[in-house]
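Text of work06.cif, listed as mmCIF, C-alpha atoms:
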data_coords
loop_
_atom_site.label_atom_id
_atom_site.label_comp_id
_atom_site.auth_asym_id
_atom_site.auth_seq_id
_atom_site.Cartn_x
_atom_site.Cartn_y
_atom_site.Cartn_z
CA MET A 1 -17.91 73.54 -7.21
CA PRO A 2 -18.20 72.44 -10.82
CA VAL A 3 -21.37 74.57 -11.23
CA THR A 4 -22.30 77.87 -9.62
CA VAL A 5 -25.75 79.22 -10.38
CA SER A 6 -26.97 82.77 -9.98
CA LEU A 7 -30.37 84.21 -10.70
CA ASP A 8 -30.97 87.76 -11.92
CA GLY A 9 -34.71 88.26 -12.34
CA SER A 10 -35.69 85.35 -14.53
CA VAL A 11 -32.23 84.98 -16.08
CA LEU A 12 -30.29 82.05 -14.69
CA THR A 13 -26.55 81.96 -15.19
CA ALA A 14 -24.79 78.65 -14.62
CA ARG A 15 -21.04 78.97 -14.41
CA LEU A 16 -19.38 75.68 -15.23
CA SER A 17 -15.78 74.96 -14.32
CA GLY A 18 -13.14 72.30 -14.76
CA ASP A 19 -13.49 69.36 -17.13
CA ILE A 20 -16.77 68.29 -18.72
CA ASP A 21 -16.75 64.60 -19.51
CA HIS A 22 -19.22 61.76 -19.11
CA PHE A 23 -18.29 61.41 -15.44
CA THR A 24 -18.66 65.06 -14.43
CA ALA A 25 -21.55 65.99 -16.74
CA ALA A 26 -24.18 64.09 -14.73
CA ASP A 27 -23.75 66.22 -11.59
CA MET A 28 -23.58 69.45 -13.60
CA ARG A 29 -26.78 68.49 -15.37
CA SER A 30 -28.76 67.78 -12.20
CA GLU A 31 -27.45 70.93 -10.52
CA ILE A 32 -28.57 73.13 -13.42
CA ASP A 33 -31.90 71.36 -13.85
CA ARG A 34 -32.69 71.73 -10.17
CA ALA A 35 -32.12 75.49 -10.39
CA ILE A 36 -34.31 75.68 -13.51
CA THR A 37 -37.22 73.81 -11.95
CA MET A 38 -37.03 75.66 -8.63
CA ASN A 39 -37.14 79.13 -10.16
CA PRO A 40 -39.20 80.89 -12.81
CA VAL A 41 -36.48 80.94 -15.45
CA SER A 42 -37.01 82.46 -18.90
CA GLU A 43 -33.39 82.46 -19.97
CA LEU A 44 -30.46 80.19 -19.20
CA ILE A 45 -26.90 81.33 -19.79
CA LEU A 46 -24.25 78.62 -19.66
CA ASP A 47 -21.02 80.36 -18.77
CA PHE A 48 -18.12 78.30 -20.14
CA SER A 49 -15.32 80.74 -19.30
CA ALA A 50 -13.85 78.48 -16.61
CA VAL A 51 -14.15 75.20 -18.50
CA ASN A 52 -10.76 73.62 -19.25
CA PHE A 53 -11.82 70.58 -21.19
CA MET A 54 -14.93 69.26 -22.87
CA ASP A 55 -15.71 66.18 -24.94
CA SER A 56 -19.02 65.27 -26.58
CA SER A 57 -20.59 64.86 -23.13
CA GLY A 58 -20.60 68.65 -23.04
CA ILE A 59 -22.57 68.69 -26.29
CA GLY A 60 -25.14 66.41 -24.66
CA LEU A 61 -25.26 68.74 -21.68
CA VAL A 62 -25.85 71.87 -23.78
CA MET A 63 -28.31 70.07 -26.07
CA GLY A 64 -30.34 68.76 -23.13
CA ARG A 65 -30.55 72.14 -21.35
CA SER A 66 -31.41 73.85 -24.61
CA LYS A 67 -34.29 71.41 -25.15
CA LEU A 68 -35.49 71.84 -21.59
CA MET A 69 -35.52 75.62 -21.91
CA SER A 70 -37.37 75.48 -25.19
CA GLU A 71 -39.98 73.18 -23.61
CA LEU A 72 -40.43 75.82 -20.92
CA GLY A 73 -40.80 78.48 -23.58
CA GLY A 74 -37.49 80.08 -22.67
CA LYS A 75 -34.11 80.39 -24.31
CA CYS A 76 -30.62 79.13 -23.74
CA SER A 77 -27.17 80.35 -24.75
CA VAL A 78 -23.51 79.57 -24.16
CA CYS A 79 -21.10 82.35 -23.29
CA ASP A 80 -17.30 82.76 -23.27
CA PRO A 81 -16.12 79.25 -24.15
CA PRO A 82 -12.38 78.80 -24.79
CA ALA A 83 -11.50 78.68 -28.52
CA TYR A 84 -10.95 74.96 -28.54
CA ILE A 85 -14.40 74.29 -27.07
CA VAL A 86 -16.00 76.50 -29.71
CA LYS A 87 -14.51 74.08 -32.25
CA VAL A 88 -16.07 71.06 -30.55
CA MET A 89 -19.42 72.84 -30.37
CA LYS A 90 -19.34 73.91 -34.00
CA LEU A 91 -18.39 70.41 -35.07
CA SER A 92 -21.68 69.22 -33.63
CA GLY A 93 -23.79 72.06 -35.00
CA ILE A 94 -25.08 72.84 -31.50
CA ASP A 95 -24.38 76.53 -32.14
CA LYS A 96 -27.38 76.54 -34.45
CA LEU A 97 -29.69 75.47 -31.62
CA CYS A 98 -28.02 77.40 -28.87
CA PRO A 99 -26.17 80.63 -29.71
CA ILE A 100 -22.56 80.94 -28.56
CA THR A 101 -21.33 84.36 -27.59
CA GLY A 102 -17.80 85.55 -26.90
CA GLU A 103 -16.38 88.62 -25.28
CA GLY A 104 -18.72 91.59 -25.33
CA GLY A 105 -21.67 89.41 -26.33
CA VAL A 106 -20.40 88.95 -29.89
CA ARG A 107 -21.95 85.89 -31.49
CA LEU A 108 -19.34 83.30 -32.41
CA MET B 109 8.53 52.37 -41.47
CA LYS B 110 9.43 55.12 -39.06
CA ARG B 111 11.22 54.42 -35.85
CA CYS B 112 9.27 54.14 -32.63
CA LEU B 113 10.69 56.70 -30.22
CA ASN B 114 8.80 55.67 -27.15
CA GLU B 115 5.91 53.51 -26.12
CA MET B 116 3.62 53.05 -23.13
CA LYS B 117 0.88 50.71 -22.09
CA LEU B 118 -1.63 51.26 -19.36
CA SER B 119 -4.57 49.33 -18.01
CA PHE B 120 -7.26 50.55 -15.67
CA PRO B 121 -10.78 49.59 -14.60
CA ALA B 122 -13.81 50.99 -16.43
CA ARG B 123 -14.69 53.71 -13.94
CA GLY B 124 -15.81 57.19 -14.82
CA GLU B 125 -13.04 58.74 -12.74
CA ASN B 126 -10.54 57.14 -15.12
CA GLU B 127 -11.74 59.18 -18.10
CA ALA B 128 -9.79 62.14 -16.71
CA PHE B 129 -6.91 59.87 -15.70
CA ALA B 130 -6.57 58.47 -19.24
CA ARG B 131 -6.59 61.97 -20.74
CA ALA B 132 -3.95 63.18 -18.30
CA CYS B 133 -1.69 60.20 -19.06
CA VAL B 134 -1.93 60.62 -22.83
CA SER B 135 -1.32 64.31 -22.48
CA ALA B 136 1.77 63.82 -20.30
CA PHE B 137 3.21 61.17 -22.63
CA ILE B 138 2.59 63.05 -25.87
CA ALA B 139 4.23 66.13 -24.38
CA GLN B 140 7.53 64.46 -25.32
CA LEU B 141 6.82 65.37 -28.95
CA ASP B 142 6.14 68.99 -27.98
CA PRO B 143 2.72 69.21 -29.65
CA TYR B 144 0.75 72.38 -30.27
CA VAL B 145 -1.85 73.11 -27.61
CA SER B 146 -4.62 72.49 -30.13
CA GLU B 147 -3.21 69.08 -31.10
CA LEU B 148 -2.99 68.08 -27.47
CA ALA B 149 -6.57 69.19 -26.87
CA GLU B 150 -7.76 67.23 -29.91
CA LEU B 151 -6.00 64.04 -28.86
CA LYS B 152 -7.24 64.37 -25.27
CA THR B 153 -10.78 64.75 -26.58
CA ALA B 154 -10.46 61.73 -28.87
CA VAL B 155 -9.09 59.61 -26.01
CA SER B 156 -11.85 60.80 -23.71
CA GLU B 157 -14.48 59.72 -26.26
CA ALA B 158 -12.87 56.31 -26.74
CA VAL B 159 -12.54 55.60 -23.01
CA THR B 160 -16.09 56.82 -22.36
CA ASN B 161 -17.38 54.49 -25.08
CA ALA B 162 -15.59 51.56 -23.44
CA ILE B 163 -17.07 52.42 -20.04
CA VAL B 164 -20.62 53.30 -21.10
CA HIS B 165 -21.13 50.94 -24.03
CA GLY B 166 -18.40 48.28 -23.88
CA TYR B 167 -18.79 47.41 -20.22
CA ARG B 168 -22.22 49.02 -19.70
CA GLY B 169 -21.34 50.30 -16.27
CA ARG B 170 -19.52 47.15 -15.12
CA ARG B 171 -16.83 48.84 -13.10
CA ASP B 172 -14.45 45.89 -12.99
CA GLY B 173 -13.98 45.71 -16.76
CA ILE B 174 -10.43 46.44 -17.85
CA ILE B 175 -9.51 49.03 -20.46
CA THR B 176 -6.04 48.98 -21.98
CA MET B 177 -4.46 51.94 -23.66
CA GLN B 178 -1.28 51.78 -25.69
CA VAL B 179 0.47 54.84 -27.06
CA ARG B 180 3.43 54.97 -29.45
CA LEU B 181 5.38 58.02 -30.49
CA CYS B 182 7.11 57.69 -33.84
CA SER B 183 10.08 59.55 -35.33
CA ASP B 184 7.88 61.07 -38.05
CA ARG B 185 5.79 62.75 -35.27
CA ARG B 186 3.03 60.21 -35.68
CA VAL B 187 1.11 59.33 -32.53
CA TYR B 188 -0.47 55.89 -32.43
CA ILE B 189 -3.13 55.25 -29.78
CA ARG B 190 -4.89 51.95 -29.26
CA ILE B 191 -7.73 51.60 -26.75
CA ARG B 192 -9.19 48.19 -26.08
CA ASP B 193 -11.92 46.71 -23.95
CA LYS B 194 -13.16 43.19 -23.48
CA GLY B 195 -16.77 44.26 -23.19
CA CYS B 196 -19.90 43.43 -25.14
CA GLY B 197 -18.63 44.55 -28.55
CA ILE B 198 -20.47 46.59 -31.17
CA ALA B 199 -23.26 44.84 -33.07
CA ASP B 200 -23.09 47.09 -36.11
CA ILE B 201 -19.97 49.25 -36.44
CA THR B 202 -21.23 51.18 -39.47
CA GLN B 203 -24.38 52.15 -37.60
CA ALA B 204 -22.46 52.96 -34.41
CA MET B 205 -20.21 55.35 -36.33
CA GLN B 206 -23.11 57.34 -37.79
CA PRO B 207 -23.20 60.85 -36.32
CA LEU B 208 -25.95 61.14 -33.69
CA PHE B 209 -26.46 57.40 -33.37
CA THR B 210 -26.55 56.45 -29.71
CA THR B 211 -27.81 53.54 -27.67
CA ALA B 212 -27.94 55.71 -24.54
CA PRO B 213 -30.11 58.77 -25.27
CA GLU B 214 -31.44 58.80 -21.70
CA GLU B 215 -27.94 59.66 -20.52
CA GLU B 216 -27.87 62.56 -22.97
CA ARG B 217 -25.17 60.92 -25.02
CA ALA B 218 -25.07 63.06 -28.14
CA GLY B 219 -23.99 60.18 -30.38
CA LEU B 220 -20.98 62.16 -31.53
CA GLY B 221 -18.14 60.16 -29.99
CA PHE B 222 -16.94 58.55 -33.22
CA SER B 223 -17.46 61.79 -35.17
CA VAL B 224 -15.23 63.63 -32.72
CA MET B 225 -12.58 60.88 -32.84
CA GLU B 226 -12.62 60.93 -36.66
CA SER B 227 -12.43 64.69 -36.86
CA PHE B 228 -9.65 65.12 -34.34
CA THR B 229 -7.33 62.40 -35.63
CA ASP B 230 -5.98 61.45 -39.07
CA SER B 231 -7.31 57.91 -39.01
CA LEU B 232 -9.60 55.79 -36.91
CA ARG B 233 -9.94 52.02 -37.18
CA VAL B 234 -12.45 50.04 -35.19
CA LYS B 235 -12.51 46.30 -34.74
CA SER B 236 -15.15 44.66 -32.65
CA SER B 237 -16.69 41.28 -32.09
CA ARG B 238 -19.83 40.66 -30.11
CA GLY B 239 -19.20 39.41 -26.63
CA ARG B 240 -15.43 39.78 -26.99
CA GLY B 241 -14.77 43.47 -27.03
CA THR B 242 -13.68 46.40 -29.12
CA SER B 243 -10.30 47.64 -30.25
CA LEU B 244 -9.88 51.13 -31.54
CA VAL B 245 -6.77 52.56 -33.20
CA MET B 246 -6.32 56.26 -33.77
CA GLU B 247 -3.36 57.89 -35.46
CA LYS B 248 -2.40 61.48 -35.80
CA THR B 249 0.73 63.06 -37.20
CA LEU B 250 1.69 66.15 -35.29
CA ARG B 251 2.84 69.26 -37.15
CA GLU B 252 6.49 70.20 -37.20
CA ARG B 253 7.19 72.49 -34.31
CA SER B 254 7.92 75.86 -35.87
CA GLY B 255 6.18 79.17 -36.34
CA ASP B 256 3.40 80.77 -34.44
CA GLU B 257 0.63 78.73 -32.89
CA SER B 258 -1.95 81.42 -33.45
CA VAL B 259 -1.27 81.35 -37.18
CA LYS B 260 -1.12 77.60 -37.62
CA ASP B 261 -3.69 76.68 -35.06
CA GLY B 262 -6.84 75.05 -36.27
CA VAL B 263 -9.03 71.99 -35.95
CA SER B 264 -8.11 69.27 -38.39
CA ASN B 265 -11.56 68.67 -39.72
CA LYS B 266 -10.34 66.79 -42.76
CA SER B 267 -13.68 65.73 -44.19
CA GLY B 268 -15.32 69.09 -43.69
CA ARG B 269 -18.71 67.45 -43.54
CA LYS B 270 -19.30 67.90 -39.84
CA SER B 271 -19.27 71.63 -39.75
CA GLY B 272 -20.74 74.19 -42.02
CA THR B 273 -23.97 73.29 -43.67
CA GLY B 274 -26.97 72.27 -41.66
CA SER B 275 -27.31 71.16 -38.10
CA PRO B 276 -27.12 67.43 -37.44
CA LEU B 277 -28.82 68.01 -34.11
CA ARG B 278 -32.25 68.91 -35.35
#

Go through the file and emit its structure as structure tokens.
Amino acid sequence: MPVTVSLDGSVLTARLSGDIDHFTAADMRSEIDRAITMNPVSELILDFSAVNFMDSSGIGLVMGRSKLMSELGGKCSVCDPPAYIVKVMKLSGIDKLCPITGEGGVRL
Amino acid sequence: MKRCLNEMKLSFPARGENEAFARACVSAFIAQLDPYVSELAELKTAVSEAVTNAIVHGYRGRRDGIITMQVRLCSDRRVYIRIRDKGCGIADITQAMQPLFTTAPEEERAGLGFSVMESFTDSLRVKSSRGRGTSLVMEKTLRERSGDESVKDGVSNKSGRKSGTGSPLR
């Protein structure tokens, strides 16, 4: 499964895996959005620890979920992305909308 | 002019599944120059952006459109990649290359494809004519293979304007 979601109270964690490109992002997006709309979610954590590759489609994915959560009055963050993906994210400035945390919750 | 060590050409239909295929091919071919992991990741990302553009914008979902990719490895460690489509072409290249410009916001395209290609390669040239297609050439010179990756590793963000101050996403 490219996305596994788990709910802890109102905190939804979506664990993404494999490659995020234009082709795979669409399914990931609908999977996450379905979980958000079906549950009372106040916080979304996008777990990137198992993502091998990401292009700008991943930026669109994070940006879109971040907007959705802010519309719902909640928050969104990215956790444990590989170093190379942090670079892609920082290039886009998405880290200013959606905090990125590394090991031990340290903000990257 | 440096000697061409090896060359490949590939053509495939404009299907989403082939984004991963194109990346894998480039990655396997460039491995002959023994690149750093970060360089490989950067080139894979740039290729992914270019192929996605051809599929989403060039052919606008027409799955029978043909994309050609040519890769050359040169003796000075320069990698030359050309990606071409015979799709609809780009009306205004300058506008298309602006960060955050996209003609497909409903698909959550961030409009960062060209920015990523520019940042992750040394040069990017785009030629396009309406109704006839787009040709994109990216070049990147790989670092000499010596020393420790963790020390030398880093994103080649040559212009420096895409990171740092301000968020282009607001």

Identify all residues satisfying the PyMOL selection byres ((chain B and resi 193-202) around 8) in the given file; provide them as an NGL selection string. :B and (162 or 165-167 or 173-176 or 191-192 or 203-206 or 234 or 236-243)

Create the file for the chosen residues now, containing C-alpha atoms and written as a short mmCIF file (atom, residue, chain, number, x, y, z; two decimals), in the frame of the given file.
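Output file result_26.cif follows:
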data_model
loop_
_atom_site.label_atom_id
_atom_site.label_comp_id
_atom_site.auth_asym_id
_atom_site.auth_seq_id
_atom_site.Cartn_x
_atom_site.Cartn_y
_atom_site.Cartn_z
CA ALA B 162 -15.59 51.56 -23.44
CA HIS B 165 -21.13 50.94 -24.03
CA GLY B 166 -18.40 48.28 -23.88
CA TYR B 167 -18.79 47.41 -20.22
CA GLY B 173 -13.98 45.71 -16.76
CA ILE B 174 -10.43 46.44 -17.85
CA ILE B 175 -9.51 49.03 -20.46
CA THR B 176 -6.04 48.98 -21.98
CA ILE B 191 -7.73 51.60 -26.75
CA ARG B 192 -9.19 48.19 -26.08
CA GLN B 203 -24.38 52.15 -37.60
CA ALA B 204 -22.46 52.96 -34.41
CA MET B 205 -20.21 55.35 -36.33
CA GLN B 206 -23.11 57.34 -37.79
CA VAL B 234 -12.45 50.04 -35.19
CA SER B 236 -15.15 44.66 -32.65
CA SER B 237 -16.69 41.28 -32.09
CA ARG B 238 -19.83 40.66 -30.11
CA GLY B 239 -19.20 39.41 -26.63
CA ARG B 240 -15.43 39.78 -26.99
CA GLY B 241 -14.77 43.47 -27.03
CA THR B 242 -13.68 46.40 -29.12
CA SER B 243 -10.30 47.64 -30.25
#

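Using all atoms listed in the file, the residues found no farther than 10 Å from stretch 100-106 of chain A, other than those of its own chain fewer than 3 positions away, are Ile45, Leu46, Asp47, Phe48, Ser49, Cys76, Ser77, Val78, Cys79, Asp80, Pro81, Pro82, Ala83, Val86, Met89, Lys90, Ile94, Asp95, Lys96 and Leu97 of chain A.
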
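Listed by chain and then by number, the residues chosen by the PyMOL selection byres ((chain B and resi 221-227) around 6) in this file are Ala154, Glu157, Met205, Pro207, Gly219, Leu220, Phe228, Thr229, Leu232 and Asn265 of chain B.
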
Writer output for current selection, C-alpha atoms, as a PDB file, in the coordinates of the input:
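Writing done, so here's out38.pdb:
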ATOM      1  CA  ALA B 154     -10.460  61.730 -28.870  1.00  0.00           C
ATOM      2  CA  GLU B 157     -14.480  59.720 -26.260  1.00  0.00           C
ATOM      3  CA  MET B 205     -20.210  55.350 -36.330  1.00  0.00           C
ATOM      4  CA  PRO B 207     -23.200  60.850 -36.320  1.00  0.00           C
ATOM      5  CA  GLY B 219     -23.990  60.180 -30.380  1.00  0.00           C
ATOM      6  CA  LEU B 220     -20.980  62.160 -31.530  1.00  0.00           C
ATOM      7  CA  PHE B 228      -9.650  65.120 -34.340  1.00  0.00           C
ATOM      8  CA  THR B 229      -7.330  62.400 -35.630  1.00  0.00           C
ATOM      9  CA  LEU B 232      -9.600  55.790 -36.910  1.00  0.00           C
ATOM     10  CA  ASN B 265     -11.560  68.670 -39.720  1.00  0.00           C
TER      11      ASN B 265
END

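What the PyMOL selection byres ((chain A and resi 26) around 12) picks from this file is Pro2, Val3, Ile20, Asp21, His22, Phe23, Thr24, Ala25, Asp27, Met28, Arg29, Ser30, Glu31, Ile32, Asp33, Ser57, Gly58, Gly60, Leu61 and Gly64 of chain A; Gly124, Glu214, Glu215, Glu216 and Arg217 of chain B.
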
Long-range neighbours of B:Lys248 as an MDAnalysis selection string, 9 Å cut-off, all atoms listed in the file, 2 positions minimum in chain: chainID B and resid 147 151 185:189 228:231 246 250

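The coordinates place atom CA of B:Ala218 at 21.0 Å from atom CA of B:Ala130.
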